[in-house]
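The file protein-v2.cif comes next; it holds mmCIF, C-alpha atoms.
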```cif
data_final
loop_
_atom_site.group_PDB
_atom_site.id
_atom_site.type_symbol
_atom_site.label_atom_id
_atom_site.label_comp_id
_atom_site.auth_asym_id
_atom_site.auth_seq_id
_atom_site.Cartn_x
_atom_site.Cartn_y
_atom_site.Cartn_z
ATOM 1 C CA MET J 14 0.000 0.000 0.000
ATOM 2 C CA LYS J 15 1.368 3.398 -0.988
ATOM 3 C CA THR J 16 1.017 6.782 0.684
ATOM 4 C CA THR J 17 2.533 9.941 -0.807
ATOM 5 C CA LEU J 18 3.606 12.811 1.436
ATOM 6 C CA LEU J 19 4.856 16.240 0.424
ATOM 7 C CA ILE J 20 7.964 16.985 2.491
ATOM 8 C CA ALA J 21 9.604 20.355 1.818
ATOM 9 C CA GLY J 22 8.574 20.198 -1.825
ATOM 10 C CA LEU J 23 9.552 16.542 -2.316
ATOM 11 C CA ASN J 24 6.989 13.917 -3.281
ATOM 12 C CA VAL J 25 7.909 11.104 -0.909
ATOM 13 C CA HIS J 26 6.298 7.720 -1.557
ATOM 14 C CA ILE J 27 5.884 5.414 1.447
ATOM 15 C CA HIS J 28 5.170 1.750 0.828
ATOM 16 C CA THR J 29 4.086 -0.822 3.408
ATOM 17 C CA GLN J 30 2.373 -4.171 3.162
ATOM 18 C CA SER J 31 -0.936 -2.928 4.591
ATOM 19 C CA GLY J 32 -0.631 0.816 5.141
ATOM 20 C CA VAL J 33 0.933 2.882 7.915
ATOM 21 C CA ASP J 34 -0.610 1.567 11.124
ATOM 22 C CA VAL J 35 -0.165 4.121 13.915
ATOM 23 C CA ALA J 36 -1.902 1.795 16.366
ATOM 24 C CA CYS J 37 0.767 -0.868 16.000
ATOM 25 C CA THR J 38 3.576 -0.716 18.553
ATOM 26 C CA ALA J 39 6.257 -2.588 16.623
ATOM 27 C CA PRO J 40 9.286 -0.477 15.693
ATOM 28 C CA VAL J 41 9.900 0.359 12.045
ATOM 29 C CA ALA J 42 12.812 -0.211 9.679
ATOM 30 C CA VAL J 43 12.912 2.129 6.684
ATOM 31 C CA VAL J 44 14.649 1.257 3.435
ATOM 32 C CA PHE J 45 15.092 3.999 0.845
ATOM 33 C CA LEU J 46 14.943 2.837 -2.774
ATOM 34 C CA LEU J 47 16.739 4.936 -5.401
ATOM 35 C CA HIS J 48 16.118 4.503 -9.137
ATOM 36 C CA GLY J 49 18.494 4.698 -12.093
ATOM 37 C CA ARG J 50 19.465 7.500 -14.469
ATOM 38 C CA THR J 51 16.571 8.702 -16.705
ATOM 39 C CA GLY J 52 14.156 6.677 -14.555
ATOM 40 C CA TYR J 53 11.670 7.821 -11.934
ATOM 41 C CA ALA J 54 10.449 6.752 -8.511
ATOM 42 C CA GLN J 55 7.022 5.456 -9.542
ATOM 43 C CA SER J 56 8.163 3.571 -12.632
ATOM 44 C CA PRO J 57 6.904 -0.017 -13.100
ATOM 45 C CA HIS J 58 10.540 -1.074 -12.684
ATOM 46 C CA MET J 59 10.714 0.386 -9.179
ATOM 47 C CA GLU J 60 7.181 -0.566 -8.194
ATOM 48 C CA GLY J 61 8.025 -4.180 -9.026
ATOM 49 C CA LEU J 62 11.121 -4.118 -6.827
ATOM 50 C CA ILE J 63 9.177 -2.565 -3.958
ATOM 51 C CA SER J 64 6.485 -5.224 -4.271
ATOM 52 C CA SER J 65 9.141 -7.951 -4.171
ATOM 53 C CA LEU J 66 10.765 -6.534 -1.025
ATOM 54 C CA LEU J 67 7.465 -6.294 0.838
ATOM 55 C CA SER J 68 6.018 -9.601 -0.338
ATOM 56 C CA HIS J 69 9.224 -11.445 0.544
ATOM 57 C CA ALA J 70 9.136 -10.030 4.072
ATOM 58 C CA GLN J 71 5.482 -11.035 4.390
ATOM 59 C CA ARG J 72 6.241 -14.558 3.140
ATOM 60 C CA ARG J 73 9.155 -14.959 5.544
ATOM 61 C CA ARG J 74 6.922 -13.851 8.423
ATOM 62 C CA ALA J 75 4.347 -16.431 7.408
ATOM 63 C CA GLU J 76 7.059 -19.094 7.459
ATOM 64 C CA GLY J 77 7.672 -18.340 11.114
ATOM 65 C CA GLY J 78 10.650 -16.023 10.830
ATOM 66 C CA LYS J 79 11.247 -13.490 13.582
ATOM 67 C CA GLN J 80 9.553 -10.145 13.026
ATOM 68 C CA ALA J 81 10.860 -7.494 15.358
ATOM 69 C CA LYS J 82 10.260 -4.571 13.007
ATOM 70 C CA GLU J 83 7.872 -3.545 10.287
ATOM 71 C CA LEU J 84 9.417 -2.888 6.883
ATOM 72 C CA MET J 85 8.670 0.457 5.228
ATOM 73 C CA VAL J 86 10.068 1.203 1.766
ATOM 74 C CA VAL J 87 10.445 4.876 0.870
ATOM 75 C CA ASN J 88 11.327 6.246 -2.539
ATOM 76 C CA VAL J 89 11.744 9.646 -4.101
ATOM 77 C CA ASP J 90 12.786 10.949 -7.510
ATOM 78 C CA HIS J 91 16.448 11.712 -8.034
ATOM 79 C CA ARG J 92 17.217 15.388 -8.560
ATOM 80 C CA ASN J 93 16.298 16.422 -12.128
ATOM 81 C CA HIS J 94 14.233 13.237 -12.591
ATOM 82 C CA GLY J 95 10.533 12.421 -12.582
ATOM 83 C CA SER J 96 8.497 15.119 -10.858
ATOM 84 C CA ARG J 97 11.746 17.078 -10.298
ATOM 85 C CA LEU J 98 12.795 17.157 -13.955
ATOM 86 C CA VAL J 99 14.117 20.505 -15.209
ATOM 87 C CA ASP J 100 16.503 19.649 -18.049
ATOM 88 C CA VAL J 101 16.413 16.320 -19.911
ATOM 89 C CA ARG J 102 19.891 16.821 -21.405
ATOM 90 C CA ALA J 103 21.503 16.982 -17.967
ATOM 91 C CA ASN J 104 20.543 13.318 -17.479
ATOM 92 C CA LEU J 105 22.188 12.184 -20.719
ATOM 93 C CA GLY J 106 25.736 10.995 -21.365
ATOM 94 C CA TRP J 107 28.536 11.716 -23.775
ATOM 95 C CA ALA J 108 27.676 11.117 -27.431
ATOM 96 C CA ARG J 109 29.989 13.265 -29.548
ATOM 97 C CA GLY J 110 28.500 14.371 -32.843
ATOM 98 C CA GLN J 111 24.990 13.417 -31.787
ATOM 99 C CA GLU J 112 22.087 15.582 -30.713
ATOM 100 C CA THR J 113 21.949 13.821 -27.349
ATOM 101 C CA HIS J 114 25.544 14.726 -26.398
ATOM 102 C CA ASN J 115 25.850 16.208 -22.903
ATOM 103 C CA GLU J 116 29.263 17.808 -22.551
ATOM 104 C CA LYS J 117 28.688 18.245 -18.792
ATOM 105 C CA HIS J 118 27.914 14.556 -18.219
ATOM 106 C CA ALA J 119 30.621 14.020 -15.587
ATOM 107 C CA ILE J 120 29.605 16.869 -13.316
ATOM 108 C CA ASP J 121 25.863 16.567 -13.986
ATOM 109 C CA MET J 122 25.695 12.928 -12.960
ATOM 110 C CA PHE J 123 27.946 13.338 -9.937
ATOM 111 C CA ALA J 124 26.001 16.387 -8.712
ATOM 112 C CA ILE J 125 22.664 14.633 -9.204
ATOM 113 C CA TYR J 126 23.477 11.467 -7.295
ATOM 114 C CA THR J 127 25.385 13.333 -4.576
ATOM 115 C CA GLY J 128 22.395 15.648 -4.152
ATOM 116 C CA THR J 129 20.044 12.694 -3.895
ATOM 117 C CA SER J 130 22.230 11.110 -1.219
ATOM 118 C CA ARG J 131 21.820 14.310 0.780
ATOM 119 C CA ASP J 132 18.067 14.162 0.189
ATOM 120 C CA VAL J 133 18.089 10.765 1.886
ATOM 121 C CA SER J 134 19.809 12.205 4.960
ATOM 122 C CA PHE J 135 17.406 15.157 4.916
ATOM 123 C CA LEU J 136 14.442 12.790 4.868
ATOM 124 C CA ILE J 137 15.880 10.759 7.742
ATOM 125 C CA ASP J 138 15.803 14.014 9.735
ATOM 126 C CA PHE J 139 12.156 14.812 9.011
ATOM 127 C CA LEU J 140 10.301 11.690 7.855
ATOM 128 C CA PRO J 141 9.456 10.420 11.379
ATOM 129 C CA ALA J 142 7.679 13.683 12.236
ATOM 130 C CA TYR J 143 5.553 13.502 9.094
ATOM 131 C CA VAL J 144 4.663 9.812 9.359
ATOM 132 C CA PHE J 145 4.193 9.648 13.134
ATOM 133 C CA PRO J 146 3.335 13.221 14.221
ATOM 134 C CA ASN J 147 2.338 12.136 17.719
ATOM 135 C CA GLY J 148 5.320 9.887 18.188
ATOM 136 C CA GLU J 149 3.118 6.811 17.869
ATOM 137 C CA ARG J 150 5.954 4.609 16.611
ATOM 138 C CA GLU J 151 9.714 4.717 16.337
ATOM 139 C CA ILE J 152 11.870 4.240 13.260
ATOM 140 C CA ILE J 153 14.944 2.490 14.619
ATOM 141 C CA ASP J 154 16.774 1.325 11.489
ATOM 142 C CA TRP J 155 17.612 2.996 8.187
ATOM 143 C CA GLY J 156 18.840 1.352 5.012
ATOM 144 C CA VAL J 157 19.185 2.187 1.331
ATOM 145 C CA ILE J 158 18.982 0.264 -1.926
ATOM 146 C CA GLY J 159 19.933 1.861 -5.240
ATOM 147 C CA VAL J 160 20.011 0.729 -8.849
ATOM 148 C CA SER J 161 22.627 2.112 -11.294
ATOM 149 C CA LEU J 162 22.660 5.882 -10.596
ATOM 150 C CA GLY J 163 20.909 4.985 -7.350
ATOM 151 C CA GLY J 164 23.697 2.494 -6.665
ATOM 152 C CA HIS J 165 26.238 5.326 -6.865
ATOM 153 C CA SER J 166 24.097 7.276 -4.378
ATOM 154 C CA THR J 167 23.900 4.244 -2.106
ATOM 155 C CA TRP J 168 27.679 4.130 -1.703
ATOM 156 C CA THR J 169 27.660 7.842 -0.840
ATOM 157 C CA VAL J 170 24.855 7.520 1.702
ATOM 158 C CA LEU J 171 26.605 4.589 3.380
ATOM 159 C CA MET J 172 29.785 6.639 3.593
ATOM 160 C CA GLU J 173 28.283 9.907 4.815
ATOM 161 C CA ASP J 174 25.377 9.034 7.127
ATOM 162 C CA THR J 175 26.129 7.072 10.291
ATOM 163 C CA ARG J 176 22.420 6.405 10.809
ATOM 164 C CA VAL J 177 22.251 4.242 7.680
ATOM 165 C CA THR J 178 23.464 0.787 8.669
ATOM 166 C CA MET J 179 22.461 -1.297 5.635
ATOM 167 C CA GLY J 180 22.976 -0.739 1.942
ATOM 168 C CA VAL J 181 22.524 -2.614 -1.320
ATOM 169 C CA PRO J 182 24.288 -0.931 -4.256
ATOM 170 C CA ILE J 183 23.027 -2.659 -7.411
ATOM 171 C CA ILE J 184 25.073 -2.157 -10.606
ATOM 172 C CA GLY J 185 26.539 0.972 -8.999
ATOM 173 C CA CYS J 186 30.156 2.034 -8.569
ATOM 174 C CA PRO J 187 32.088 3.395 -5.559
ATOM 175 C CA ASP J 188 34.937 4.690 -7.772
ATOM 176 C CA TYR J 189 33.286 7.388 -9.868
ATOM 177 C CA LEU J 190 36.452 9.027 -11.163
ATOM 178 C CA SER J 191 37.864 5.778 -12.521
ATOM 179 C CA LEU J 192 34.539 4.975 -14.176
ATOM 180 C CA MET J 193 34.189 8.371 -15.842
ATOM 181 C CA GLU J 194 37.768 8.475 -17.058
ATOM 182 C CA GLU J 195 37.168 5.253 -18.966
ATOM 183 C CA ARG J 196 33.841 6.508 -20.331
ATOM 184 C CA ALA J 197 35.518 9.667 -21.582
ATOM 185 C CA LYS J 198 38.167 7.649 -23.406
ATOM 186 C CA GLU J 199 35.502 5.406 -24.949
ATOM 187 C CA ALA J 200 33.685 8.537 -26.164
ATOM 188 C CA GLY J 201 36.889 9.754 -27.822
ATOM 189 C CA MET J 202 37.558 12.539 -25.331
ATOM 190 C CA ALA J 203 40.515 13.289 -23.069
ATOM 191 C CA PRO J 204 39.693 12.340 -19.458
ATOM 192 C CA GLY J 205 40.577 15.724 -18.011
ATOM 193 C CA PRO J 206 39.404 19.339 -18.038
ATOM 194 C CA PRO J 207 36.996 20.499 -19.365
ATOM 195 C CA VAL J 208 35.420 17.032 -19.848
ATOM 196 C CA ILE J 209 36.071 16.238 -16.192
ATOM 197 C CA PRO J 210 36.572 19.716 -14.675
ATOM 198 C CA LYS J 211 39.584 20.293 -12.440
ATOM 199 C CA HIS J 212 37.494 21.353 -9.444
ATOM 200 C CA LEU J 213 35.291 18.284 -9.870
ATOM 201 C CA GLN J 214 38.344 16.030 -9.901
ATOM 202 C CA ALA J 215 39.598 17.639 -6.706
ATOM 203 C CA TYR J 216 36.219 17.338 -4.983
ATOM 204 C CA ILE J 217 35.782 13.690 -5.963
ATOM 205 C CA THR J 218 39.320 12.837 -4.874
ATOM 206 C CA LYS J 219 38.584 14.292 -1.439
ATOM 207 C CA HIS J 220 35.011 13.043 -0.966
ATOM 208 C CA SER J 221 34.854 9.720 -2.813
ATOM 209 C CA PRO J 222 34.319 6.412 -0.995
ATOM 210 C CA THR J 223 37.773 5.478 -2.317
ATOM 211 C CA SER J 224 39.251 8.226 -0.111
ATOM 212 C CA SER J 225 37.207 7.389 2.973
ATOM 213 C CA GLY J 226 39.427 4.907 4.795
ATOM 214 C CA TYR J 227 37.149 2.069 3.670
ATOM 215 C CA ASP J 228 39.875 -0.522 4.274
ATOM 216 C CA ILE J 229 40.687 0.515 7.861
ATOM 217 C CA PRO J 230 39.624 -2.108 10.470
ATOM 218 C CA SER J 231 38.214 0.433 12.920
ATOM 219 C CA GLU J 232 35.447 2.976 13.338
ATOM 220 C CA LEU J 233 37.571 5.482 11.430
ATOM 221 C CA ASN J 234 36.172 3.588 8.456
ATOM 222 C CA PRO J 235 32.648 4.936 7.656
ATOM 223 C CA PHE J 236 31.550 1.509 6.396
ATOM 224 C CA PHE J 237 32.605 -0.277 9.591
ATOM 225 C CA ASN J 238 29.825 -2.287 11.295
ATOM 226 C CA LYS J 239 27.494 -1.841 8.329
ATOM 227 C CA ASP J 240 25.711 -4.545 6.328
ATOM 228 C CA ILE J 241 26.453 -4.232 2.612
ATOM 229 C CA LEU J 242 25.265 -6.390 -0.261
ATOM 230 C CA VAL J 243 26.973 -5.642 -3.584
ATOM 231 C CA LEU J 244 25.128 -6.833 -6.691
ATOM 232 C CA SER J 245 26.728 -6.487 -10.123
ATOM 233 C CA GLY J 246 26.649 -8.070 -13.554
ATOM 234 C CA ALA J 247 29.799 -9.788 -14.822
ATOM 235 C CA ALA J 248 28.960 -8.633 -18.369
ATOM 236 C CA ASP J 249 28.095 -5.035 -17.420
ATOM 237 C CA ASN J 250 29.672 -2.750 -20.023
ATOM 238 C CA LEU J 251 28.247 0.510 -18.668
ATOM 239 C CA VAL J 252 29.482 0.072 -15.083
ATOM 240 C CA PRO J 253 32.183 -2.582 -15.484
ATOM 241 C CA TRP J 254 33.020 -4.674 -12.456
ATOM 242 C CA SER J 255 36.702 -3.835 -12.961
ATOM 243 C CA HIS J 256 36.015 -0.344 -11.567
ATOM 244 C CA CYS J 257 34.310 -1.755 -8.469
ATOM 245 C CA LYS J 258 36.380 -4.841 -7.659
ATOM 246 C CA PRO J 259 39.477 -3.241 -6.049
ATOM 247 C CA PHE J 260 37.311 -1.222 -3.658
ATOM 248 C CA VAL J 261 34.868 -4.024 -2.848
ATOM 249 C CA ASP J 262 37.622 -6.594 -2.313
ATOM 250 C CA ALA J 263 39.413 -4.305 0.164
ATOM 251 C CA LEU J 264 36.261 -3.023 1.894
ATOM 252 C CA VAL J 265 36.275 -3.791 5.628
ATOM 253 C CA VAL J 266 32.991 -3.893 7.555
ATOM 254 C CA GLY J 267 34.186 -5.532 10.772
ATOM 255 C CA GLU J 268 32.842 -8.453 12.763
ATOM 256 C CA LYS J 269 29.523 -6.731 13.474
ATOM 257 C CA GLY J 270 29.005 -5.872 9.830
ATOM 258 C CA ARG J 271 28.331 -8.103 6.874
ATOM 259 C CA LYS J 272 29.713 -7.919 3.345
ATOM 260 C CA ARG J 273 28.197 -10.087 0.657
ATOM 261 C CA VAL J 274 29.202 -9.779 -2.994
ATOM 262 C CA VAL J 275 27.287 -11.353 -5.874
ATOM 263 C CA LEU J 276 28.715 -10.982 -9.367
ATOM 264 C CA GLN J 277 26.114 -12.537 -11.636
ATOM 265 C CA THR J 278 27.513 -14.426 -14.605
ATOM 266 C CA GLY J 279 26.092 -13.299 -17.939
ATOM 267 C CA ALA J 280 24.253 -10.298 -16.482
ATOM 268 C CA GLY J 281 24.819 -6.876 -18.031
ATOM 269 C CA HIS J 282 23.768 -3.466 -16.780
ATOM 270 C CA GLU J 283 20.409 -4.712 -15.583
ATOM 271 C CA LEU J 284 18.365 -5.499 -12.521
ATOM 272 C CA THR J 285 17.785 -9.234 -12.754
ATOM 273 C CA PRO J 286 15.285 -11.443 -10.893
ATOM 274 C CA GLU J 287 18.239 -13.031 -9.111
ATOM 275 C CA MET J 288 19.439 -9.643 -7.875
ATOM 276 C CA ILE J 289 15.951 -8.787 -6.633
ATOM 277 C CA ALA J 290 15.769 -12.086 -4.734
ATOM 278 C CA GLU J 291 19.196 -11.475 -3.151
ATOM 279 C CA ALA J 292 18.221 -7.954 -2.102
ATOM 280 C CA ALA J 293 14.892 -9.056 -0.637
ATOM 281 C CA GLU J 294 16.463 -11.763 1.503
ATOM 282 C CA PHE J 295 19.282 -9.463 2.638
ATOM 283 C CA VAL J 296 16.761 -6.837 3.742
ATOM 284 C CA TRP J 297 14.798 -9.452 5.649
ATOM 285 C CA GLN J 298 17.814 -10.889 7.444
ATOM 286 C CA TRP J 299 19.617 -7.689 8.344
ATOM 287 C CA ILE J 300 16.894 -5.115 8.811
ATOM 288 C CA VAL J 301 13.578 -6.785 9.456
ATOM 289 C CA GLU J 302 14.586 -9.992 11.191
ATOM 290 C CA ALA J 303 17.286 -8.576 13.516
ATOM 291 C CA PRO J 304 16.156 -8.103 17.134
ATOM 292 C CA ALA J 305 14.891 -4.612 17.843
ATOM 293 C CA ASP J 306 17.228 -4.104 20.784
ATOM 294 C CA GLU J 307 20.362 -5.188 18.918
ATOM 295 C CA SER J 308 22.814 -2.347 18.554
ATOM 296 C CA LYS J 309 25.703 -2.364 16.125
ATOM 297 C CA PHE J 310 27.385 0.667 17.667
#
```
Could I get this file's structure written as structure tokens?
Amino acid sequence: MKTTLLIAGLNVHIHTQSGVDVACTAPVAVVFLLHGRTGYAQSPHMEGLISSLLSHAQRRRAEGGKQAKELMVVNVDHRNHGSRLVDVRANLGWARGQETHNEKHAIDMFAIYTGTSRDVSFLIDFLPAYVFPNGEREIIDWGVIGVSLGGHSTWTVLMEDTRVTMGVPIIGCPDYLSLMEERAKEAGMAPGPPVIPKHLQAYITKHSPTSSGYDIPSELNPFFNKDILVLSGAADNLVPWSHCKPFVDALVVGEKGRKRVVLQTGAGHELTPEMIAEAAEFVWQWIVEAPADESKF
């Protein structure tokens, strides 16, 4: 069941199995779902994934699994997408000599998904007050799932917001600069200014997950004690696994965290049924099924 709230000008879609029940006393776990580039929050693609997440949790409950929290899936349009669309070209890539060429692709895409990651943190601040204005229930866990562009955002949210303890980046990349340098070369352009502006390079170098201390076995690492499921296609030519593998292999989440990596043979840049099934079970195990009083920090 879907409810749409307007929060500071954002259309925020809240999905639960049977509606938001303020009379229920069970705590709530919220998972944000972020769509891909040129997509939108209410697309059939996203609605299908949401349905799978909720129905899987319901089925696992029926099988006798523990249910300490109620699952709530929240999604919103990326900046410059869906109901927030201002300029179609800003969502397009490099295509030299073609009408669809976006010379600002590198900075447009980075700014969009970074902005959306901040929207997630903004909504964590204010969503509880909108959904439960009388404090009827408590949201005690926050997670994020993102596909493609949303997968890039997911890595950023996991890095920047300590309240988010679970993430599933699907066909997304934690090493944006490496990815865009290769794309520029493939498009026949030099991977430097103005294609990838100097100030953008400097900002990414300083603020990228690859510069975050992700391989440090302590709480200096922003991914430490978090549960992360990485889903990618082995035949993905748009976001090749080669740009993700060094980071993911070295990523340390600690004994209280969980890192699971699934590289699907034969899958390209796509959200497959197998990926959906992996994500649904991961959400159940590490957000919904975990005891409500279990603290990772």
Can you translate the PyMOL selection byres ((chain J and resi 270-283) around 6) into the concrete residues it hits in this file, as an NGL selection string? :J and (238-249 or 266-269 or 284-285)
In the coordinates of the file, take the point (14.1, -3.4, -3.8) and a cut-off of 10 Å; then, counting only C-alpha atoms, name each qualifying protein, DNA or RNA residue as a ChimeraX atom specification. /J:44-48,58-67,86,157-160,181,183,284,288-293,296
If I take CA of Ala75 in chain J and CA of Val43 in chain J, how far is one from the other in Å, to one decimal? 20.5 Å
If you measure from CA of Val41 in chain J to CA of Thr169 in chain J, what distance in Å do you get, rounded to one decimal? 23.2 Å
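Going from CA of Asp121 in chain J to CA of Asp100 in chain J covers 10.7 Å.
The closest residue to Ser166 in chain J, picked from J:Ser31, J:Gln298, J:Asn250, J:Thr129 and counting only C-alpha atoms, is J:Thr129.
With all atoms listed in the file as the atoms that count, the residue of J:Ala119, J:Ile300, J:Arg131, J:Ala200 with the shortest distance to Leu213 in chain J is J:Ala119.
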List as a PyMOL selection string the protein and nucleic acid residues near Val170 in chain J, meaning an atom at most 12 Å away when all atoms listed in the file are counted, but skip any in the same chain fewer than 3 places from it. chain J and resi 45-47+126-135+137+155-159+163-167+173-182+187+220-222+235-236+239+241
Counting only C-alpha atoms, the residue among J:Gly77, J:Gly226, J:Gly201, J:Gly106 that lies closest to Met122 in chain J is J:Gly106
